[in-house]
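What's in my_file.txt: compact mmCIF, C-alpha atoms and all ligand atoms
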# COMPACT_ATOMS: atom_id res chain seq x y z
CA MET A 1229 0.00 0.00 0.00
CA THR A 1230 1.43 3.36 -0.98
CA GLU A 1231 0.14 6.36 0.88
CA ALA A 1232 -0.87 9.37 -1.16
CA PRO A 1233 1.91 11.88 -0.51
CA THR A 1234 0.98 15.21 1.03
CA PRO A 1235 1.18 17.79 -1.73
CA VAL A 1236 4.18 20.10 -1.32
CA VAL A 1237 3.18 23.73 -1.48
CA ILE A 1238 5.95 26.12 -2.48
CA PRO A 1239 5.58 29.39 -0.51
CA PRO A 1240 4.85 32.52 -2.57
CA GLU A 1241 8.29 34.09 -1.96
CA LEU A 1242 9.90 31.03 -3.56
CA ARG A 1243 7.82 31.21 -6.73
CA PRO A 1244 9.41 32.92 -9.74
CA ALA A 1245 7.32 35.77 -11.20
CA ASP A 1246 7.11 33.64 -14.36
CA GLY A 1247 7.24 29.87 -14.01
CA ARG A 1248 8.17 28.93 -17.59
CA PHE A 1249 11.64 27.39 -17.82
CA GLY A 1250 11.17 25.11 -20.83
CA SER A 1251 13.95 24.82 -23.40
CA GLY A 1252 11.56 24.89 -26.34
CA PRO A 1253 8.89 25.96 -26.71
CA SER A 1254 10.05 28.51 -24.21
CA LYS A 1255 8.67 31.46 -22.28
CA VAL A 1256 6.90 34.02 -24.45
CA ARG A 1257 7.08 37.47 -22.86
CA SER A 1258 3.72 38.66 -21.54
CA GLU A 1259 4.49 42.19 -22.82
CA ALA A 1260 4.71 40.77 -26.34
CA LEU A 1261 1.37 39.01 -25.94
CA VAL A 1262 -0.33 42.22 -24.79
CA ASP A 1263 1.09 44.02 -27.83
CA LEU A 1264 0.02 41.13 -30.07
CA ALA A 1265 -3.54 41.34 -28.79
CA ALA A 1266 -3.57 45.08 -29.50
CA ALA A 1267 -2.12 44.67 -33.00
CA ALA A 1268 -4.09 41.53 -33.88
CA PRO A 1269 -7.10 43.04 -35.67
CA GLY A 1270 -4.82 44.59 -38.30
CA LEU A 1271 -2.67 41.49 -38.69
CA LEU A 1272 -4.10 38.10 -37.73
CA GLY A 1273 -6.45 36.85 -40.40
CA THR A 1274 -5.04 39.21 -43.02
CA SER A 1275 -3.10 38.44 -46.20
CA HIS A 1276 0.58 37.68 -45.91
CA ARG A 1277 1.04 39.23 -49.35
CA GLN A 1278 -0.05 42.68 -48.13
CA THR A 1279 1.90 45.46 -46.44
CA PRO A 1280 1.11 44.83 -42.72
CA VAL A 1281 2.48 41.27 -42.73
CA ARG A 1282 5.28 42.07 -45.18
CA ASP A 1283 6.34 44.87 -42.80
CA LEU A 1284 6.59 42.24 -40.07
CA VAL A 1285 8.75 40.00 -42.25
CA ARG A 1286 10.96 42.98 -43.05
CA ARG A 1287 11.32 43.77 -39.32
CA VAL A 1288 12.28 40.15 -38.66
CA ARG A 1289 14.89 40.15 -41.45
CA GLU A 1290 16.32 43.53 -40.44
CA GLY A 1291 16.19 42.56 -36.77
CA VAL A 1292 18.23 39.38 -37.35
CA SER A 1293 20.68 41.31 -39.48
CA ALA A 1294 21.17 43.90 -36.72
CA LEU A 1295 21.33 41.25 -33.99
CA LEU A 1296 24.09 39.33 -35.76
CA GLU A 1297 25.75 42.48 -37.18
CA LEU A 1298 25.77 40.81 -40.58
CA PRO A 1299 28.35 42.18 -43.02
CA ASP A 1300 27.30 43.45 -46.44
CA GLY A 1301 26.34 40.65 -48.77
CA TYR A 1302 24.86 38.38 -46.10
CA GLU A 1303 21.11 37.81 -46.38
CA VAL A 1304 18.42 36.68 -43.96
CA VAL A 1305 16.06 34.06 -45.36
CA LEU A 1306 13.06 32.44 -43.70
CA GLY A 1307 10.51 29.76 -44.37
CA ASN A 1308 8.06 27.38 -42.77
CA GLY A 1309 8.70 24.13 -41.00
CA GLY A 1310 11.18 25.00 -38.27
CA THR A 1311 14.78 23.87 -38.03
CA THR A 1312 13.81 20.30 -38.91
CA ALA A 1313 12.57 21.45 -42.33
CA PHE A 1314 15.71 23.53 -42.77
CA TRP A 1315 17.84 20.39 -42.37
CA ASP A 1316 15.94 18.85 -45.29
CA ALA A 1317 16.41 22.02 -47.32
CA ALA A 1318 20.14 22.01 -46.50
CA ALA A 1319 20.43 18.42 -47.71
CA PHE A 1320 19.13 19.53 -51.10
CA CYS A 1321 20.45 23.06 -51.50
CA LEU A 1322 23.65 23.37 -49.44
CA VAL A 1323 25.48 20.04 -49.20
CA ARG A 1324 27.12 19.25 -52.53
CA ALA A 1325 28.27 15.68 -51.85
CA LEU A 1326 30.04 15.21 -48.53
CA SER A 1327 29.38 16.84 -45.17
CA GLN A 1328 31.28 16.61 -41.90
CA HIS A 1329 29.27 16.87 -38.67
CA VAL A 1330 29.81 17.46 -35.01
CA VAL A 1331 27.57 14.96 -33.19
CA CYS A 1332 27.10 15.26 -29.43
CA GLY A 1333 23.40 14.81 -28.73
CA GLU A 1334 19.98 14.38 -30.25
CA PHE A 1335 19.82 17.45 -32.45
CA SER A 1336 23.28 17.25 -33.97
CA ALA A 1337 22.65 13.52 -34.57
CA LYS A 1338 19.35 14.23 -36.31
CA PHE A 1339 20.90 16.48 -38.92
CA ALA A 1340 23.57 13.86 -39.65
CA SER A 1341 20.87 11.21 -40.05
CA VAL A 1342 18.99 13.41 -42.54
CA ILE A 1343 22.14 13.47 -44.67
CA GLU A 1344 22.71 9.73 -44.19
CA ALA A 1345 19.22 9.03 -45.56
CA CYS A 1346 19.74 11.05 -48.75
CA PRO A 1347 20.51 8.85 -51.74
CA HIS A 1348 22.06 11.80 -53.59
CA LEU A 1349 24.69 12.43 -50.86
CA GLU A 1350 27.61 10.47 -49.48
CA SER A 1351 27.52 9.12 -45.93
CA PRO A 1352 28.42 12.02 -43.65
CA LEU A 1353 31.69 12.16 -41.71
CA LEU A 1354 31.00 12.31 -37.98
CA VAL A 1355 33.06 13.80 -35.18
CA GLU A 1356 31.36 12.46 -32.08
CA ALA A 1357 31.48 13.18 -28.37
CA ALA A 1358 29.65 11.53 -25.47
CA PRO A 1359 26.56 13.32 -24.14
CA GLY A 1360 27.70 16.19 -21.91
CA GLU A 1361 30.97 16.55 -23.76
CA ARG A 1362 32.07 18.93 -26.47
CA PRO A 1363 33.53 17.48 -29.66
CA VAL A 1364 36.50 19.26 -31.17
CA LEU A 1365 36.33 19.15 -34.92
CA SER A 1366 39.29 19.44 -37.21
CA GLY A 1367 38.13 19.96 -40.74
CA ASP A 1368 38.28 17.17 -43.32
CA ALA A 1369 39.58 18.64 -46.57
CA ASP A 1370 37.20 16.44 -48.61
CA ALA A 1371 34.04 17.82 -47.00
CA ASP A 1372 32.19 20.52 -48.92
CA THR A 1373 30.05 21.34 -45.88
CA ILE A 1374 30.91 21.46 -42.17
CA ALA A 1375 27.96 21.13 -39.78
CA LEU A 1376 28.47 22.65 -36.34
CA ILE A 1377 26.02 23.20 -33.51
CA GLN A 1378 26.44 26.18 -31.19
CA ASN A 1379 24.29 24.78 -28.42
CA GLU A 1380 23.26 21.12 -28.15
CA THR A 1381 19.89 21.63 -26.49
CA SER A 1382 19.51 18.00 -25.46
CA THR A 1383 22.64 18.00 -23.27
CA GLY A 1384 23.32 21.65 -22.43
CA VAL A 1385 26.71 21.75 -24.15
CA GLN A 1386 27.79 24.92 -25.94
CA MET A 1387 30.58 25.26 -28.46
CA ASP A 1388 32.48 28.13 -30.03
CA VAL A 1389 31.58 28.96 -33.59
CA VAL A 1390 34.87 29.02 -35.49
CA ARG A 1391 35.81 27.94 -38.99
CA PRO A 1392 37.66 24.67 -38.42
CA GLU A 1393 41.26 24.32 -39.42
CA GLY A 1394 41.92 21.76 -42.11
CA ALA A 1395 38.63 22.34 -43.92
CA HIS A 1396 38.72 23.07 -47.65
CA GLU A 1397 38.60 26.81 -48.30
CA SER A 1398 35.39 26.41 -50.29
CA ALA A 1399 33.65 24.36 -47.55
CA LEU A 1400 30.57 26.02 -46.11
CA VAL A 1401 30.26 26.24 -42.34
CA LEU A 1402 26.66 25.58 -41.25
CA VAL A 1403 25.73 26.28 -37.64
CA ASP A 1404 22.63 24.94 -35.93
CA ALA A 1405 21.94 27.89 -33.65
CA THR A 1406 18.37 26.97 -32.81
CA SER A 1407 18.83 27.39 -29.04
CA ALA A 1408 21.74 29.83 -29.34
CA ALA A 1409 20.74 32.60 -31.76
CA GLY A 1410 20.02 35.69 -29.69
CA GLY A 1411 21.53 34.30 -26.49
CA LEU A 1412 25.12 33.34 -27.32
CA ARG A 1413 27.79 35.53 -28.91
CA VAL A 1414 28.82 34.82 -32.49
CA GLU A 1415 30.95 36.44 -35.21
CA ALA A 1416 29.39 36.44 -38.67
CA SER A 1417 32.81 35.96 -40.28
CA GLU A 1418 32.95 32.46 -38.72
CA PHE A 1419 29.88 31.03 -40.47
CA ASP A 1420 28.25 30.72 -43.86
CA VAL A 1421 24.84 29.59 -42.65
CA TYR A 1422 23.57 30.39 -39.16
CA TYR A 1423 20.13 28.82 -38.86
CA PHE A 1424 17.56 28.67 -36.10
CA ALA A 1425 13.90 28.70 -35.13
CA PRO A 1426 12.27 31.39 -32.99
CA GLN A 1427 10.70 29.31 -30.18
CA LYS A 1428 13.90 29.26 -28.13
CA CYS A 1429 16.08 32.36 -27.54
CA LEU A 1430 13.66 34.54 -29.49
CA ALA A 1431 10.68 33.85 -27.21
CA SER A 1432 8.26 33.20 -30.04
CA GLU A 1433 6.32 30.20 -31.30
CA GLY A 1434 7.55 27.29 -33.40
CA GLY A 1435 7.03 26.48 -37.06
CA LEU A 1436 9.41 28.93 -38.71
CA TRP A 1437 13.07 28.64 -39.74
CA LEU A 1438 15.43 31.57 -40.18
CA ALA A 1439 18.90 31.57 -41.67
CA ALA A 1440 21.66 34.14 -42.11
CA LEU A 1441 23.52 33.27 -45.31
CA SER A 1442 26.98 34.41 -46.47
CA PRO A 1443 27.76 35.21 -50.11
CA PRO A 1444 29.41 31.77 -50.65
CA ALA A 1445 26.28 30.11 -49.21
CA LEU A 1446 24.11 32.10 -51.61
CA GLU A 1447 26.33 30.96 -54.49
CA ARG A 1448 26.12 27.32 -53.37
CA ILE A 1449 22.32 27.55 -53.26
CA ALA A 1450 22.24 28.94 -56.79
CA ALA A 1451 24.57 26.19 -58.03
CA MET A 1452 22.75 23.32 -56.32
CA THR A 1453 19.25 24.38 -57.27
CA ALA A 1454 20.33 24.87 -60.88
CA THR A 1455 21.59 21.30 -61.15
CA ARG A 1456 19.45 19.25 -58.78
CA ALA A 1457 15.72 18.52 -58.64
CA VAL A 1458 14.47 20.08 -55.40
CA PRO A 1459 10.92 19.99 -53.98
CA ALA A 1460 9.64 23.55 -53.98
CA SER A 1461 9.03 23.83 -50.23
CA LEU A 1462 12.67 22.83 -49.62
CA ASP A 1463 14.11 24.99 -52.36
CA LEU A 1464 16.22 27.69 -50.73
CA SER A 1465 16.38 29.70 -53.97
CA ILE A 1466 12.58 30.00 -53.82
CA ALA A 1467 12.78 30.88 -50.11
CA LEU A 1468 15.40 33.52 -50.94
CA GLU A 1469 13.33 35.00 -53.75
CA ASN A 1470 10.34 35.29 -51.40
CA SER A 1471 12.38 36.61 -48.47
CA ARG A 1472 13.75 39.39 -50.67
CA LYS A 1473 10.13 40.46 -51.16
CA ASP A 1474 9.50 40.18 -47.39
CA GLN A 1475 7.31 37.15 -47.88
CA THR A 1476 7.41 33.41 -47.34
CA TYR A 1477 6.81 30.85 -50.07
CA ASN A 1478 3.67 29.54 -48.37
CA THR A 1479 1.47 30.88 -45.59
CA PRO A 1480 3.32 31.65 -42.35
CA ALA A 1481 1.96 31.84 -38.80
CA ILE A 1482 1.55 35.58 -38.43
CA ALA A 1483 1.55 35.54 -34.61
CA THR A 1484 4.93 33.78 -34.72
CA LEU A 1485 6.33 36.50 -36.96
CA PHE A 1486 4.91 39.18 -34.66
CA LEU A 1487 6.44 37.66 -31.52
CA THR A 1488 9.79 37.11 -33.27
CA ALA A 1489 9.92 40.74 -34.43
CA HIS A 1490 8.92 41.89 -30.94
CA THR A 1491 11.76 39.99 -29.23
CA LEU A 1492 14.29 41.10 -31.83
CA ASP A 1493 13.29 44.75 -31.26
CA TRP A 1494 13.43 44.24 -27.48
CA ILE A 1495 16.96 42.82 -27.66
CA ASN A 1496 18.24 45.27 -30.26
CA ASP A 1497 16.77 48.26 -28.37
CA HIS A 1498 18.55 47.17 -25.19
CA GLY A 1499 22.00 46.88 -26.73
CA GLY A 1500 21.75 43.89 -29.03
CA LEU A 1501 23.39 40.52 -28.74
CA ALA A 1502 25.97 41.71 -26.20
CA TRP A 1503 23.16 42.69 -23.84
CA ALA A 1504 21.16 39.50 -24.36
CA ALA A 1505 24.23 37.29 -23.99
CA ALA A 1506 25.22 39.09 -20.79
CA ARG A 1507 21.74 38.41 -19.41
CA CYS A 1508 22.19 34.70 -20.19
CA ASP A 1509 25.66 34.82 -18.59
CA THR A 1510 24.10 36.15 -15.39
CA SER A 1511 21.50 33.38 -15.31
CA ALA A 1512 24.16 30.77 -16.03
CA ASP A 1513 26.34 32.09 -13.25
CA VAL A 1514 23.41 31.84 -10.82
CA VAL A 1515 22.44 28.30 -11.77
CA TYR A 1516 25.90 26.72 -12.04
CA ARG A 1517 27.19 28.32 -8.82
CA TRP A 1518 24.12 27.01 -7.04
CA ALA A 1519 24.56 23.50 -8.51
CA GLU A 1520 28.23 23.42 -7.55
CA LYS A 1521 27.41 24.37 -3.97
CA ALA A 1522 24.29 22.24 -3.44
CA PRO A 1523 25.19 18.91 -1.80
CA PHE A 1524 22.63 17.06 -3.95
CA ALA A 1525 23.32 18.63 -7.39
CA THR A 1526 26.17 19.01 -9.89
CA PRO A 1527 26.34 20.51 -13.37
CA PHE A 1528 26.02 17.64 -15.87
CA VAL A 1529 28.64 19.19 -18.16
CA LYS A 1530 32.01 18.77 -16.46
CA GLU A 1531 34.04 21.19 -18.57
CA SER A 1532 32.97 24.64 -17.36
CA ARG A 1533 33.63 26.32 -20.75
CA ALA A 1534 31.24 23.88 -22.39
CA ARG A 1535 28.39 24.59 -19.96
CA SER A 1536 25.62 26.22 -21.92
CA HIS A 1537 24.54 29.73 -21.02
CA THR A 1538 21.16 29.19 -22.63
CA VAL A 1539 20.19 25.67 -21.45
CA ALA A 1540 21.54 24.39 -18.13
CA THR A 1541 21.52 20.67 -17.31
CA ILE A 1542 21.85 19.78 -13.64
CA ASP A 1543 22.35 16.22 -12.39
CA PHE A 1544 20.94 15.13 -9.04
CA ASP A 1545 22.39 12.75 -6.50
CA THR A 1546 20.77 9.30 -6.44
CA SER A 1547 19.28 10.20 -3.04
CA VAL A 1548 17.02 12.74 -4.75
CA ASP A 1549 14.54 11.93 -7.53
CA ALA A 1550 14.74 14.75 -10.07
CA SER A 1551 11.46 13.71 -11.68
CA ALA A 1552 9.74 14.06 -8.29
CA ILE A 1553 11.19 17.60 -8.00
CA ALA A 1554 9.93 18.42 -11.49
CA ALA A 1555 6.48 17.08 -10.60
CA VAL A 1556 6.26 19.20 -7.44
CA LEU A 1557 7.46 22.28 -9.31
CA ARG A 1558 4.88 21.64 -12.03
CA ALA A 1559 2.08 21.30 -9.47
CA ASN A 1560 3.16 24.74 -8.23
CA GLY A 1561 3.15 26.38 -11.64
CA ILE A 1562 6.90 26.08 -12.36
CA VAL A 1563 7.01 24.08 -15.58
CA ASP A 1564 9.13 22.21 -18.12
CA VAL A 1565 12.36 21.63 -16.17
CA GLU A 1566 12.25 17.91 -17.05
CA PRO A 1567 15.44 16.65 -18.78
CA TYR A 1568 15.56 15.83 -22.48
CA ARG A 1569 13.58 12.61 -22.55
CA LYS A 1570 16.04 10.39 -24.40
CA LEU A 1571 19.00 11.40 -22.25
CA GLY A 1572 17.53 9.31 -19.43
CA ARG A 1573 19.37 10.99 -16.54
CA ASN A 1574 18.36 11.98 -13.01
CA GLN A 1575 18.46 15.56 -14.12
CA LEU A 1576 16.70 18.88 -14.48
CA ARG A 1577 17.12 21.05 -17.57
CA ILE A 1578 16.57 24.78 -17.10
CA ALA A 1579 16.33 27.28 -19.95
CA LEU A 1580 18.28 30.51 -19.44
CA TYR A 1581 17.12 32.29 -22.59
CA PRO A 1582 17.19 36.11 -22.70
CA ALA A 1583 13.45 36.40 -22.00
CA ILE A 1584 13.88 34.52 -18.74
CA ASP A 1585 14.63 36.94 -15.92
CA PRO A 1586 17.88 36.07 -14.10
CA ALA A 1587 16.06 36.99 -10.87
CA ASP A 1588 13.54 34.24 -11.64
CA VAL A 1589 16.35 31.74 -12.15
CA GLU A 1590 17.67 32.67 -8.72
CA VAL A 1591 14.25 32.16 -7.13
CA LEU A 1592 13.94 28.83 -8.96
CA THR A 1593 17.15 27.54 -7.38
CA ARG A 1594 15.77 28.39 -3.96
CA ALA A 1595 12.47 26.72 -4.82
CA ILE A 1596 14.39 23.54 -5.74
CA ASP A 1597 16.29 23.68 -2.41
CA PHE A 1598 12.94 23.93 -0.66
CA VAL A 1599 11.39 21.04 -2.58
CA VAL A 1600 14.41 18.79 -1.99
CA ALA A 1601 14.22 19.46 1.76
CA GLU A 1602 10.48 18.64 1.72
CA ILE A 1603 10.66 15.39 -0.25
CA GLU A 1604 13.99 13.94 0.96
C1 LIG A 1701 14.77 22.65 -31.01
C2 LIG A 1701 15.94 22.33 -31.83
C3 LIG A 1701 15.82 21.83 -33.13
C4 LIG A 1701 14.47 21.49 -33.73
O1 LIG A 1701 13.77 22.67 -33.98
P1 LIG A 1701 12.31 22.58 -34.65
O2 LIG A 1701 11.99 24.02 -34.94
O3 LIG A 1701 11.41 21.96 -33.63
O4 LIG A 1701 12.41 21.75 -35.86
C5 LIG A 1701 16.97 21.62 -33.85
N1 LIG A 1701 18.19 21.88 -33.35
C6 LIG A 1701 18.34 22.37 -32.09
C7 LIG A 1701 19.71 22.64 -31.58
C8 LIG A 1701 17.23 22.60 -31.30
O5 LIG A 1701 17.38 23.09 -30.07
Rendering of file as structure tokens:
Amino acid sequence: MTEAPTPVVIPPELRPADGRFGSGPSKVRSEALVDLAAAAPGLLGTSHRQTPVRDLVRRVREGVSALLELPDGYEVVLGNGGTTAFWDAAAFCLVRALSQHVVCGEFSAKFASVIEACPHLESPLLVEAAPGERPVLSGDADADTIALIQNETSTGVQMDVVRPEGAHESALVLVDATSAAGGLRVEASEFDVYYFAPQKCLASEGGLWLAALSPPALERIAAMTATRAVPASLDLSIALENSRKDQTYNTPAIATLFLTAHTLDWINDHGGLAWAAARCDTSADVVYRWAEKAPFATPFVKESRARSHTVATIDFDTSVDASAIAAVLRANGIVDVEPYRKLGRNQLRIALYPAIDPADVEVLTRAIDFVVAEIE
């Protein structure tokens, strides 16, 4: 016979002002939702081929360009289907024959498996690291495409974006920045394709992909789409043509565009990427210091430089059941700190995206201390 446990009630002073700590979808700022409601009658339910929505697309493209301080010649392209659809598009329009991939978790592995499944491409070269570790890639001179990931969301490992030594000078550097773009620093000169979706650092909804493309990437797209049969929805030359007109090839979610533009303006008006990244640094400092001190917790990622400043993964001692902590937090309105499901660790995963207030992260750590003391 198991007794029904007494529900643990977290006292009000230990409840963050906003209880959303999910790594994706992630917290959408309430201020943005209020503004969306006010703007909705002129936008939602209106044509994406007309000025109001095209203005939004323009703000998104200009906002990304400002955020990343893109040099002349780089272009921002967007389309529907999220990062997952972008991988498929990359397999048709960016990889010529052979790609080399960093693989250190679910997301980096998924892109490599997309390439593996393509009959028109060679088997990808993999540079692997165990979950929680950071692979160090030296470029293979035969690869025409190098696939990096700035933040492996499934494990909370972050990596520097640098063009790898040894790579062929014509190789394109593709960076999956889905949970990094807008929260982690990056130099545009180090990438050819920096792609992401807005439901993570940009505090919007899912379903869209965005990519900053260098001139060599634009040339590769032109060359590949001229010589290869590409389904239209995956054709980056069609996406580019539409983006240049501040449109998407097919119908976008207008609310997603609105929220993306809103967050980009919020970050850019406060000082841009440096400001947003510093905010993530503060949250990361709070959470990792706490985990290092707490007798029952440790950061999952051992190498401190590799610890993500946008997604923190914290392991718990076997004496404490992390899933029980997550359940109590959830019952108290603090949600989505469960670990990445396939990682299978006694762990909590806490998003530290720019929209998440560092003060709320601090309160969360104290809430976890409280819950552990209650359930131990
Ligand atoms: C979330 C995520 C994806 C998948 O994004 P979707 O928009 O859901 O397709 C891919 N890569 C990384 C690093 C992610 O965090």
With all atoms listed in the file counted, collect every polymer residue having an atom within 7 Å of ligand LIG 1701 (chain A); state the result as a VMD selection string. chain A and resid 1252 1309 to 1313 1335 to 1336 1377 1379 to 1381 1404 to 1407 1425 1434 to 1437
Skipping near chain neighbours, those fewer than 5 positions away, what residues fall within 8 Å of region 1516-1524 of chain A using only C-alpha atoms, listed as a VMD selection string? chain A and resid 1540 1542 1544 to 1545 1547 to 1548 1593
Let's have the selection written as a compact mmCIF listing (two decimals), in the frame of the given file, with C-alpha atoms.
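Wrote it out as out_19.txt, contents follow:
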# COMPACT_ATOMS: atom_id res chain seq x y z
CA ALA A 1540 21.54 24.39 -18.13
CA ILE A 1542 21.85 19.78 -13.64
CA PHE A 1544 20.94 15.13 -9.04
CA ASP A 1545 22.39 12.75 -6.50
CA SER A 1547 19.28 10.20 -3.04
CA VAL A 1548 17.02 12.74 -4.75
CA THR A 1593 17.15 27.54 -7.38
Residue with smallest distance to Pro1299 (chain A) - pool A:Glu1415, A:Ala1506, A:Val1515, A:Val1236, counting only C-alpha atoms: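 Residue with the minimum atom-to-atom distance to Pro1299 (chain A): A:Glu1415.
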The residue from A:Val1281, A:Ala1267, A:Cys1508, A:Val1401 with the smallest atom-to-atom distance to Pro1444 (chain A), counting only C-alpha atoms, is A:Val1401
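Residues surrounding Ala1325 (chain A) within 10 Å are Ala1319, Ile1343, His1348, Leu1349, Glu1350, Ser1351, Pro1352, Asp1370, Ala1371, Asp1372 and Thr1373 of chain A [all atoms listed in the file; sequence separation below 6 positions excluded].
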Calculated over all atoms listed in the file, which of the candidates A:Asp1585, A:Ala1554, A:Val1565, A:Leu1571 has the smallest distance to Val1600 (chain A)? A:Ala1554
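Minimum atom-to-atom distances from A:Asp1300, A:Glu1361, A:Asp1420, A:Glu1356 to Ile1374 (chain A) were compared using all atoms listed in the file, and the lowest value belongs to A:Asp1420.
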Using only C-alpha atoms, can you tell me which of A:Lys1530, A:Arg1282, A:His1329, A:Arg1577 comes closest to Asn1470 (chain A)?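 The closest residue to Asn1470 (chain A) is A:Arg1282.
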So, counting only C-alpha atoms, which residue among A:Ala1260, A:Ile1562, A:Leu1353, A:Ile1482 is closest to Leu1326 (chain A)?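 Among the listed residues, the smallest separation from Leu1326 (chain A) belongs to A:Leu1353.
The gap separating CA of Phe1598 (chain A) from CA of Thr1510 (chain A) is 22.2 Å, in Å to one decimal.
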What separates CA of Arg1558 (chain A) and CA of Asp1513 (chain A) is a distance of 23.9 Å
With all atoms listed in the file as the counted atoms, please give the residues lying no more than 8 Å from region 1454-1458 of chain A, apart from itself and same-chain residues fewer than 4 positions off, as a list in words. Phe1320, Cys1321, Ala1450, Leu1462 and Asp1463 of chain A
Write out, as a PDB file, in the coordinates of the input, the residues just selected, with C-alpha atoms.
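Listed below is the output, selection19.pdb:
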ATOM      1  CA  PHE A1320      19.130  19.530 -51.100  1.00  0.00           C
ATOM      2  CA  CYS A1321      20.450  23.060 -51.500  1.00  0.00           C
ATOM      3  CA  ALA A1450      22.240  28.940 -56.790  1.00  0.00           C
ATOM      4  CA  LEU A1462      12.670  22.830 -49.620  1.00  0.00           C
ATOM      5  CA  ASP A1463      14.110  24.990 -52.360  1.00  0.00           C
TER       6      ASP A1463
END
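CA of Ala1595 (chain A) is positioned 9.7 Å from CA of Ile1553 (chain A).
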Could you name the residues that touch Ala1550 (chain A) at 6 Å or less, counting all atoms listed in the file, but leaving out those on the same chain fewer than 2 positions away, as number ranges by chain? A: 1552-1553, 1574-1575
Can you report as lines of an AutoDock Vina configuration file the centre and edge lengths in Å, to one decimal, of an axis-aligned box around the listed atoms of region 1479-1493 of chain A padded with 8 Å on each side?
center_x = 7.9
center_y = 37.8
center_z = -37.4
size_x = 28.8
size_y = 29.9
size_z = 32.4
Name the residues in contact with Val1288 (chain A) at a cut-off of 8 Å, using only C-alpha atoms, excluding same-chain residues fewer than 4 positions from it; report them as number ranges by chain. A: 1284, 1292, 1485, 1488-1489, 1492
